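Let me begin by presenting the structure, written as structure tokens, before commenting on it.
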Amino acid sequence: HRDLHSFPTRRSSDLLDHGDHDALLRLAAAHWPYWYWGEALTWQQWLPDAIDRCDTPSTARAEALSALGLLLTRWGANPDHCDRLFQQAMDTADELGSEQSIARVNFYRAHLLLSRGERQGAEQLIRDSLTRATNADFRGWCHWELGWIALFDDHLDDAAAELQEALRLAEQVRDESLVAHLRPALALLAAIRGDHTTAQL
């Protein structure tokens, strides 16, 4: 486990030694969910440095800036600083002219707004993402998020529609992670409607 735990740091050191800053940034963008859901804090040491070392506009840069904004938010950083990171991510996505990159930045920024209780703003961002994205898997995650927002607002019919669409897309692309994320929402929805048998499945 120790070798796996230290993998991002070891690999980033190798890339730094070779001056391959583009690859370093791509590695950072690829690893951020590992940091977000895990306990490792290695991102604090080298994610900001990877971003600073490679300022060339790219999808990896937009992803890494969004990731840093989310990670800092989770660890209680200054909200203004996190907002600036997301603005930089959006500026990068705009410069690339990539609808998918813009959609992803909006999706991640919606999580930032949800952490502040701003559900209406988050919903607007996710719906904007849906208008831009063509990737079925990503669209499934957007519907999952909209389903939770509808649940929080007690809009049960809307929640059911969003979650069922997310499930359809998850099964279409065989995204087991999305299916696993959907099950708690579907169970809660069933329980609220009094269908306790379905909720327990």
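Every chain in the structure tokens takes a letter, A first, then B, and so on in the order presented; its residues are numbered from 1, and the ligands are numbered from 1 following the presented order.
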
Problem - Those of region 5-201 of chain A in DSSP helix (DSSP H, G or I), formatted as number ranges by chain - result: A: 5-17, 21-37, 43-53, 59-74, 79-96, 99-115, 119-132, 136-152, 156-173, 176-192, 196-200

Exercise for the section: Name the residues in contact with Val179 (chain A) at a cut-off of 9 Å, using only C-alpha atoms, excluding same-chain residues fewer than 5 positions from it; report them as a PyMOL selection string. Expected result: chain A and resi 166-167+170-171+174

Completion exercise
Restricting to only C-alpha atoms, whichever of A:Gln172, A:Asn135, A:Gln164, A:Thr197 is closest to Ser101 (chain A) is A:Asn135

Where does region 97-195 of chain A meet region 51-62 of chain A within 12 Å, residue by residue, with the nearest atom pair and distance in Å to one decimal for each, counting only C-alpha atoms, listed by chain and rising number, as JSON lines?
{"residue": "A:Gly97", "atom": "CA", "partner": "A:Thr59", "partner_atom": "CA", "distance": 10.3}
{"residue": "A:Ser98", "atom": "CA", "partner": "A:Thr59", "partner_atom": "CA", "distance": 8.3}
{"residue": "A:Glu99", "atom": "CA", "partner": "A:Thr59", "partner_atom": "CA", "distance": 10.8}
{"residue": "A:Gln100", "atom": "CA", "partner": "A:Thr59", "partner_atom": "CA", "distance": 9.2}
{"residue": "A:Ser101", "atom": "CA", "partner": "A:Thr59", "partner_atom": "CA", "distance": 6.3}
{"residue": "A:Ile102", "atom": "CA", "partner": "A:Ala62", "partner_atom": "CA", "distance": 8.6}
{"residue": "A:Ala103", "atom": "CA", "partner": "A:Ala62", "partner_atom": "CA", "distance": 10.9}
{"residue": "A:Arg104", "atom": "CA", "partner": "A:Ala62", "partner_atom": "CA", "distance": 8.8}
{"residue": "A:Val105", "atom": "CA", "partner": "A:Ala62", "partner_atom": "CA", "distance": 7.2}
{"residue": "A:Asn106", "atom": "CA", "partner": "A:Ala62", "partner_atom": "CA", "distance": 10.9}
{"residue": "A:Tyr108", "atom": "CA", "partner": "A:Ala62", "partner_atom": "CA", "distance": 10.8}
{"residue": "A:Arg109", "atom": "CA", "partner": "A:Ala62", "partner_atom": "CA", "distance": 11.8}

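CA of Tyr36 (chain A) sits 8.2 Å away from CA of Arg74 (chain A).
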